[in-house]
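**Student:** Got a structure for you, questions after.
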Amino acid sequence: MERTARNAELSIKNVGESVTVVGWVSKRRNLGSILFVDLRDRSGIVQVVINDDLKDVPEIRNEYILQVKGVVSKRNNPNPQLKSGEIEIVADKVVLVNTAKTTPLIIADETDALEDTRLKYRYLDLRRPIMQGYLDIRHKIKMAAHNYLDSLNFIEVETPILTLSTPEGARDYLVPSRIHHGCFYALPQSPQIFKQLLMIGGLERYYQIARCFRDEDLRADRQPDFTQIDIETSFLDQDQFLTMMEGLIKEIFKKTINYDVKLPLRRIPYREAMDKYGSDKPDTRFGFLLHDVKEILLKSTFEGYQGAEAIRAIKIDGVAQNTSRKVIDGLTLEARKFGLGGLTVLKVENNTLTGSFIKFLNEEIINDLMKEMDAKNDDIIIIAAGKANRVLPLLGALRNQYAKELGLIKPNTYDLLWVVDFPLFERDVESNQITSTHHPFTRPRDEDLKYLDTDPTKILSYAYDIVINGYEAGGGSLRIYNQEVQHKIFEVLGLSEEDIKRKFGFFIDAFQYGTPPHAGMAFGLDRLTMILGQTDNIRDVIAFPKNLSAVCPMSGAPEIVDEAQLDELGIQVKKD
């Protein structure tokens, strides 16, 4: 099909030229003697003028595909909202390429369709310029990564999609083997083991735009199948590696949204992040810092505070008048979601601390609390007590919630930092079992190896996360490269010799043949696109995503399969 120009790339420089354009009808306006058509292709929209004396003009409706031949002319009334807004095409010939039914959603940046409709008709949703903009950002991120890493002698290597099921923190998606009945492949949660094997294989610098799969509960910024920019290097220490990755993130921001990231990025220890912000992915663009008020409030007569592991508080400025009983009940409900019985809310009204909890406090405690929190008139103080791993995340979530509600986050601002010095292990909130904070291949700090046999929860690791605007945009670590240390880590995690041999035998064996010191990380491509595209929904930046039920409304996946297929695989489905 003939096409001489992309629609939105035409400008005042092209006036007088004969051109041929194609695209979908975005809008039509019939003024009787003249018909205006907004013709849309991927580059954008150009206005087409069809005079009533033009012959053989086909019927034109929204989303019909047209080919238009005509002359570029200067518009009498420019449209500053369009890239091509200074010009229009006066048609000499209009060809109908294809017709279209009335679409179930408005094809425009602003649409009235619910998300379920958008996902069911995703191929129509993708025509919306805002959606193509998200995918354009995604493409630019990948190209920036390819070019930057190639300039530093990285090599792109594909790793297996069908692999062995190994415990890496989430449930695996399993793939049955037709040839070996009863045996299963697993889809990779990440290329972790393989990229470390590539370092043992002497590749030194590897990267991959890798597809990963995790069978876990979904939320706005999570999908069952996702993509990461996966990176591994040999012979670099932590400072060298983080400096290299800062260069990558700077390049991505510059090439994608023309934003200059100031380097070096701040590094906040994990413990400080949790104590000050209640989160290991803190957004530091606003205040509402956590305060340790345990020493002050243990002097109160409230028995509920006795024995509490942590008593922390945050102060929210200027909201006391709007903090009704209903608001307080909502905060209490939020506390219960974090496994706490409730929380305490105090108001500063007429320069006096008020609330039902005041009866437990004497004047000295009130003064100390007001001083610690720097509380002023119309502020509120929110206090939570209990286990630290419940109290801190609750208050961290509340500070984020209030910052958004009060509009404290300036648009088009980016807060980038590293969180470092993570604990190597953590205890599961429900089971109290020791688990890896990141994954079992994370290298413990050398000075903490002595705690492996006594108290593993004291061990810090060479792990790091890059945090952007309160989102974990990527993470990694220095890796264990000593087979004895790796074996010991597996033991601490409760893996038997049989488990280690069956799940990681080939990996442990490889360590015996000269494993270099190595480090790596992965950037979440979907999440990076979400941040740079300024949307809070990860489904917006994936061409064909799943919904919150892990279903694809467009294709209907997952779906039952024929009994014949199950028989070939030797599988019988258990009925609920």
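Starting from 1 in every chain, residues are counted up; chains themselves are A, B, ... following the order of the structure tokens, and ligands are numbered from 1 as listed.
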Which polymer residues have any atom within 10 Å of an atom of Met554 in chain A, counting only C-alpha atoms, with same-chain residues fewer than 3 positions away left out, as JSON, numbers by chain?
**Tutor:** {"A": [116, 117, 118, 119, 120, 121, 122, 123, 544, 545, 546, 551, 557]}
**Student:** Could you pull the residues within 9 Å of range 564-571 of chain A, counting only C-alpha atoms, minus those fewer than 3 positions along the same chain, as a VMD selection string?
**Tutor:** chain A and resid 176 to 182 561
**Student:** Between A:Pro440, A:Gly201, A:Pro423, A:Pro160, which is the closest to Tyr513 in chain A once you count only C-alpha atoms?
**Tutor:**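 Among A:Pro440, A:Gly201, A:Pro423, A:Pro160, it is A:Gly201 that comes nearest to Tyr513 in chain A.
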**Student:** Which residue gives the smallest distance to Gln240 in chain A among A:Leu478, A:Thr529, A:Lys458, A:Phe194, with only C-alpha atoms counted?
**Tutor:**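 Of A:Leu478, A:Thr529, A:Lys458, A:Phe194, the one nearest Gln240 in chain A is A:Leu478, counting only C-alpha atoms.
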**Student:** Please identify all polymer residues within 10 Å of range 143-151 of chain A, counting only C-alpha atoms, omitting same-chain residues fewer than 5 positions from it, and present them as a VMD selection string.
**Tutor:** chain A and resid 137 to 138 156 205 to 209 229 231 244 to 245 247 to 256
**Student:** Could you pull out all residues of range 246-314 of chain A with a DSSP call of strand (DSSP E) and give them as a count of residues only?
**Tutor:** 11
**Student:** Name the closest residue to Gln47 in chain A among the candidates A:Asp455, A:Asp509, A:Glu17, A:Glu86; distances are taken between atoms, counting only C-alpha atoms.
**Tutor:**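 Smallest distance to Gln47 in chain A is found for A:Glu86.
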**Student:** Find the residues near Gly32 in chain A: any atom within 10 Å, counting only C-alpha atoms, skip ones fewer than 3 places away on the same chain, and give them as a VMD selection string.
**Tutor:** chain A and resid 29 35 51 to 52
**Student:** Quick one: residues within 8 Å of Lys93 in chain A, only C-alpha atoms, excluding same-chain residues fewer than 2 positions away - as an MDAnalysis selection string?
**Tutor:** chainID A and resid 54 57 68:70 91 95
**Student:** Let me see the file: selected residues, N, CA and C atoms, as a tab-separated table (two decimals), in the first residue's frame.
**Tutor:**
```tsv
chain	number	residue	atom	x	y	z
A	54	LEU	N	-15.34	16.85	-4.38
A	54	LEU	CA	-14.48	15.69	-4.62
A	54	LEU	C	-15.34	14.49	-4.95
A	57	VAL	N	-16.13	9.82	-3.07
A	57	VAL	CA	-15.77	9.77	-1.64
A	57	VAL	C	-16.59	8.66	-0.98
A	68	VAL	N	-5.51	8.42	2.02
A	68	VAL	CA	-5.82	9.76	1.51
A	68	VAL	C	-4.62	10.29	0.74
A	69	LYS	N	-4.89	10.73	-0.49
A	69	LYS	CA	-3.88	11.44	-1.27
A	69	LYS	C	-4.30	12.89	-1.35
A	70	GLY	N	-3.36	13.82	-1.10
A	70	GLY	CA	-3.72	15.22	-1.13
A	70	GLY	C	-2.52	16.13	-0.97
A	91	ALA	N	-7.76	16.81	0.50
A	91	ALA	CA	-7.79	15.53	-0.20
A	91	ALA	C	-8.06	15.69	-1.69
A	95	VAL	N	-9.57	6.71	-0.41
A	95	VAL	CA	-9.83	5.29	-0.66
A	95	VAL	C	-10.20	4.62	0.67
```
**Student:** Within 12 Å of Asp428 in chain A, counting only C-alpha atoms, which residues show up once you throw out same-chain ones fewer than 2 positions away? Write them as a list in words, please.
**Tutor:**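 Final neighbour list, sorted by chain and number: Gly169, Asn389, Arg390, Phe425, Glu426, Glu430, Ser431, Asn432, Gln433, Ile434, Thr435, Ser436, Thr437, Thr457 and Leu493 of chain A.
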**Student:** Could those selected residues go to a file with N, CA and C atoms, as a CSV table (one decimal), in the first residue's frame?
**Tutor:**
```csv
chain,number,residue,atom,x,y,z
A,169,GLY,N,11.1,-18.4,46.6
A,169,GLY,CA,10.3,-17.4,47.3
A,169,GLY,C,8.9,-17.4,46.9
A,389,ASN,N,7.6,-5.9,63.0
A,389,ASN,CA,7.4,-6.3,61.6
A,389,ASN,C,5.9,-6.0,61.2
A,390,ARG,N,5.1,-5.6,62.2
A,390,ARG,CA,3.7,-5.2,61.8
A,390,ARG,C,3.5,-3.7,62.0
A,425,PHE,N,18.5,-12.9,56.4
A,425,PHE,CA,17.3,-13.8,56.7
A,425,PHE,C,16.2,-12.9,57.4
A,426,GLU,N,15.0,-13.4,57.3
A,426,GLU,CA,13.9,-12.9,58.1
A,426,GLU,C,13.0,-14.0,58.5
A,430,GLU,N,3.8,-15.4,59.7
A,430,GLU,CA,2.8,-16.4,60.1
A,430,GLU,C,3.5,-17.6,60.7
A,431,SER,N,4.5,-18.2,60.0
A,431,SER,CA,5.0,-19.5,60.4
A,431,SER,C,6.2,-19.3,61.4
A,432,ASN,N,6.8,-18.1,61.5
A,432,ASN,CA,8.0,-17.9,62.3
A,432,ASN,C,9.2,-18.6,61.8
A,433,GLN,N,9.2,-19.2,60.6
A,433,GLN,CA,10.3,-19.9,60.0
A,433,GLN,C,11.3,-18.9,59.4
A,434,ILE,N,12.6,-19.3,59.4
A,434,ILE,CA,13.6,-18.4,58.8
A,434,ILE,C,13.5,-18.6,57.3
A,435,THR,N,13.5,-17.5,56.6
A,435,THR,CA,13.5,-17.5,55.1
A,435,THR,C,14.5,-16.5,54.6
A,436,SER,N,14.9,-16.6,53.3
A,436,SER,CA,15.8,-15.6,52.7
A,436,SER,C,15.1,-14.3,52.5
A,437,THR,N,15.7,-13.2,52.9
A,437,THR,CA,15.1,-11.9,52.6
A,437,THR,C,15.0,-11.6,51.1
A,457,THR,N,19.6,-14.5,62.2
A,457,THR,CA,18.9,-13.3,61.9
A,457,THR,C,19.7,-12.0,62.1
A,493,LEU,N,18.3,-22.6,56.0
A,493,LEU,CA,16.9,-22.5,55.5
A,493,LEU,C,16.1,-23.8,55.6
```
**Student:** Counting only C-alpha atoms, what is within 12 Å of Arg6 in chain A, bar same-chain residues fewer than 3 positions away, as a PyMOL selection string?
**Tutor:** chain A and resi 2-3+9-11+19-23+39-46+67-68+83-84
**Student:** How would the residues just chosen look if you wrote them out with N, CA and C atoms as an mmCIF file, in the first residue's frame?
**Tutor:**
```
data_model
loop_
_atom_site.group_PDB
_atom_site.id
_atom_site.type_symbol
_atom_site.label_atom_id
_atom_site.label_comp_id
_atom_site.auth_asym_id
_atom_site.auth_seq_id
_atom_site.Cartn_x
_atom_site.Cartn_y
_atom_site.Cartn_z
ATOM 1 N N GLU A 2 0.547 2.189 -0.866
ATOM 2 C CA GLU A 2 1.353 3.400 -0.946
ATOM 3 C C GLU A 2 1.133 4.267 0.290
ATOM 4 N N ARG A 3 2.234 4.800 0.808
ATOM 5 C CA ARG A 3 2.201 5.714 1.949
ATOM 6 C C ARG A 3 3.498 6.512 1.903
ATOM 7 N N GLU A 9 3.944 13.498 11.580
ATOM 8 C CA GLU A 9 5.285 13.990 11.263
ATOM 9 C C GLU A 9 5.249 15.075 10.197
ATOM 10 N N LEU A 10 4.074 15.318 9.618
ATOM 11 C CA LEU A 10 3.922 16.416 8.673
ATOM 12 C C LEU A 10 3.849 17.740 9.421
ATOM 13 N N SER A 11 4.464 18.787 8.845
ATOM 14 C CA SER A 11 4.508 20.074 9.528
ATOM 15 C C SER A 11 4.438 21.204 8.519
ATOM 16 N N VAL A 19 1.110 14.350 -0.766
ATOM 17 C CA VAL A 19 1.437 13.233 0.135
ATOM 18 C C VAL A 19 0.331 12.191 0.078
ATOM 19 N N THR A 20 0.698 10.988 0.529
ATOM 20 C CA THR A 20 -0.280 9.913 0.702
ATOM 21 C C THR A 20 -0.164 9.408 2.133
ATOM 22 N N VAL A 21 -1.270 9.443 2.877
ATOM 23 C CA VAL A 21 -1.280 9.003 4.270
ATOM 24 C C VAL A 21 -2.361 7.937 4.448
ATOM 25 N N VAL A 22 -2.206 7.156 5.516
ATOM 26 C CA VAL A 22 -3.200 6.129 5.850
ATOM 27 C C VAL A 22 -3.482 6.204 7.347
ATOM 28 N N GLY A 23 -4.579 5.597 7.748
ATOM 29 C CA GLY A 23 -4.865 5.552 9.178
ATOM 30 C C GLY A 23 -6.330 5.298 9.473
ATOM 31 N N LEU A 39 -7.427 11.879 11.036
ATOM 32 C CA LEU A 39 -6.899 10.573 10.632
ATOM 33 C C LEU A 39 -5.728 10.210 11.537
ATOM 34 N N ARG A 40 -5.823 9.047 12.171
ATOM 35 C CA ARG A 40 -4.858 8.657 13.198
ATOM 36 C C ARG A 40 -4.037 7.448 12.758
ATOM 37 N N ASP A 41 -2.701 7.582 12.837
ATOM 38 C CA ASP A 41 -1.820 6.416 12.765
ATOM 39 C C ASP A 41 -0.978 6.414 14.040
ATOM 40 N N ARG A 42 0.041 5.571 14.109
ATOM 41 C CA ARG A 42 0.795 5.467 15.361
ATOM 42 C C ARG A 42 1.511 6.753 15.727
ATOM 43 N N SER A 43 1.849 7.561 14.734
ATOM 44 C CA SER A 43 2.577 8.804 15.025
ATOM 45 C C SER A 43 1.666 9.871 15.606
ATOM 46 N N GLY A 44 0.369 9.766 15.357
ATOM 47 C CA GLY A 44 -0.567 10.762 15.852
ATOM 48 C C GLY A 44 -1.644 11.072 14.837
ATOM 49 N N ILE A 45 -2.203 12.280 14.915
ATOM 50 C CA ILE A 45 -3.359 12.662 14.105
ATOM 51 C C ILE A 45 -2.996 13.796 13.145
ATOM 52 N N VAL A 46 -3.569 13.717 11.932
ATOM 53 C CA VAL A 46 -3.513 14.832 11.001
ATOM 54 C C VAL A 46 -4.935 15.104 10.529
ATOM 55 N N GLN A 67 -7.129 5.571 3.022
ATOM 56 C CA GLN A 67 -5.917 6.054 2.369
ATOM 57 C C GLN A 67 -6.280 7.385 1.708
ATOM 58 N N VAL A 68 -5.511 8.420 2.021
ATOM 59 C CA VAL A 68 -5.821 9.757 1.512
ATOM 60 C C VAL A 68 -4.618 10.292 0.736
ATOM 61 N N LYS A 83 0.444 17.621 17.172
ATOM 62 C CA LYS A 83 1.795 17.823 16.643
ATOM 63 C C LYS A 83 1.740 18.389 15.233
ATOM 64 N N SER A 84 0.727 17.977 14.469
ATOM 65 C CA SER A 84 0.562 18.457 13.096
ATOM 66 C C SER A 84 -0.460 19.595 13.023
#
```
**Student:** Using only C-alpha atoms, find each residue in range 384-472 of chain A having at least one atom no more than 6 Å away from range 263-268 of chain A; report its shortest atom-to-atom pair and that distance in Å (one decimal), rows by chain then rising number, as a Markdown table.
**Tutor:**
```
| residue | atom | partner | partner_atom | distance |
| --- | --- | --- | --- | --- |
| A:Leu417 | CA | A:Arg266 | CA | 4.9 |
| A:Trp418 | CA | A:Arg267 | CA | 4.6 |
| A:Val419 | CA | A:Ile268 | CA | 4.9 |
```
**Student:** Could the residues in this selection be saved with N, CA and C atoms as a short mmCIF file (atom, residue, chain, number, x, y, z; two decimals), in the first residue's frame?
**Tutor:**
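Now in selection13.cif:
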```cif
data_model
loop_
_atom_site.label_atom_id
_atom_site.label_comp_id
_atom_site.auth_asym_id
_atom_site.auth_seq_id
_atom_site.Cartn_x
_atom_site.Cartn_y
_atom_site.Cartn_z
N LEU A 417 16.98 6.28 45.03
CA LEU A 417 17.94 5.96 46.09
C LEU A 417 18.17 4.45 46.11
N TRP A 418 19.25 4.08 46.77
CA TRP A 418 19.53 2.67 47.04
C TRP A 418 19.17 2.37 48.50
N VAL A 419 18.56 1.24 48.74
CA VAL A 419 18.46 0.68 50.10
C VAL A 419 19.46 -0.47 50.16
#
```
**Student:** Go through A:Gln306, A:Asn322, A:Thr332, A:Gln192 and flag the residue nearest Thr442 in chain A, using only C-alpha atoms for the distances.
**Tutor:** A:Gln192
**Student:** If you run DSSP on the backbone here, which positions in range 335-446 of chain A get helix (DSSP H, G or I)? Please write them as a ChimeraX atom specification.
**Tutor:** /A:335-337,356-360,363-373,388-405,446
**Student:** May I ask which of the residues A:Gln132, A:Ser461, A:Thr354, A:Thr103 is the closest one to Pro269 in chain A, counting only C-alpha atoms?
**Tutor:** A:Ser461
**Student:** Closest to Phe511 in chain A among A:Lys410, A:Arg479, A:Arg271, A:His438, using only C-alpha atoms?
**Tutor:**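 Residue with the minimum atom-to-atom distance to Phe511 in chain A: A:Arg479.
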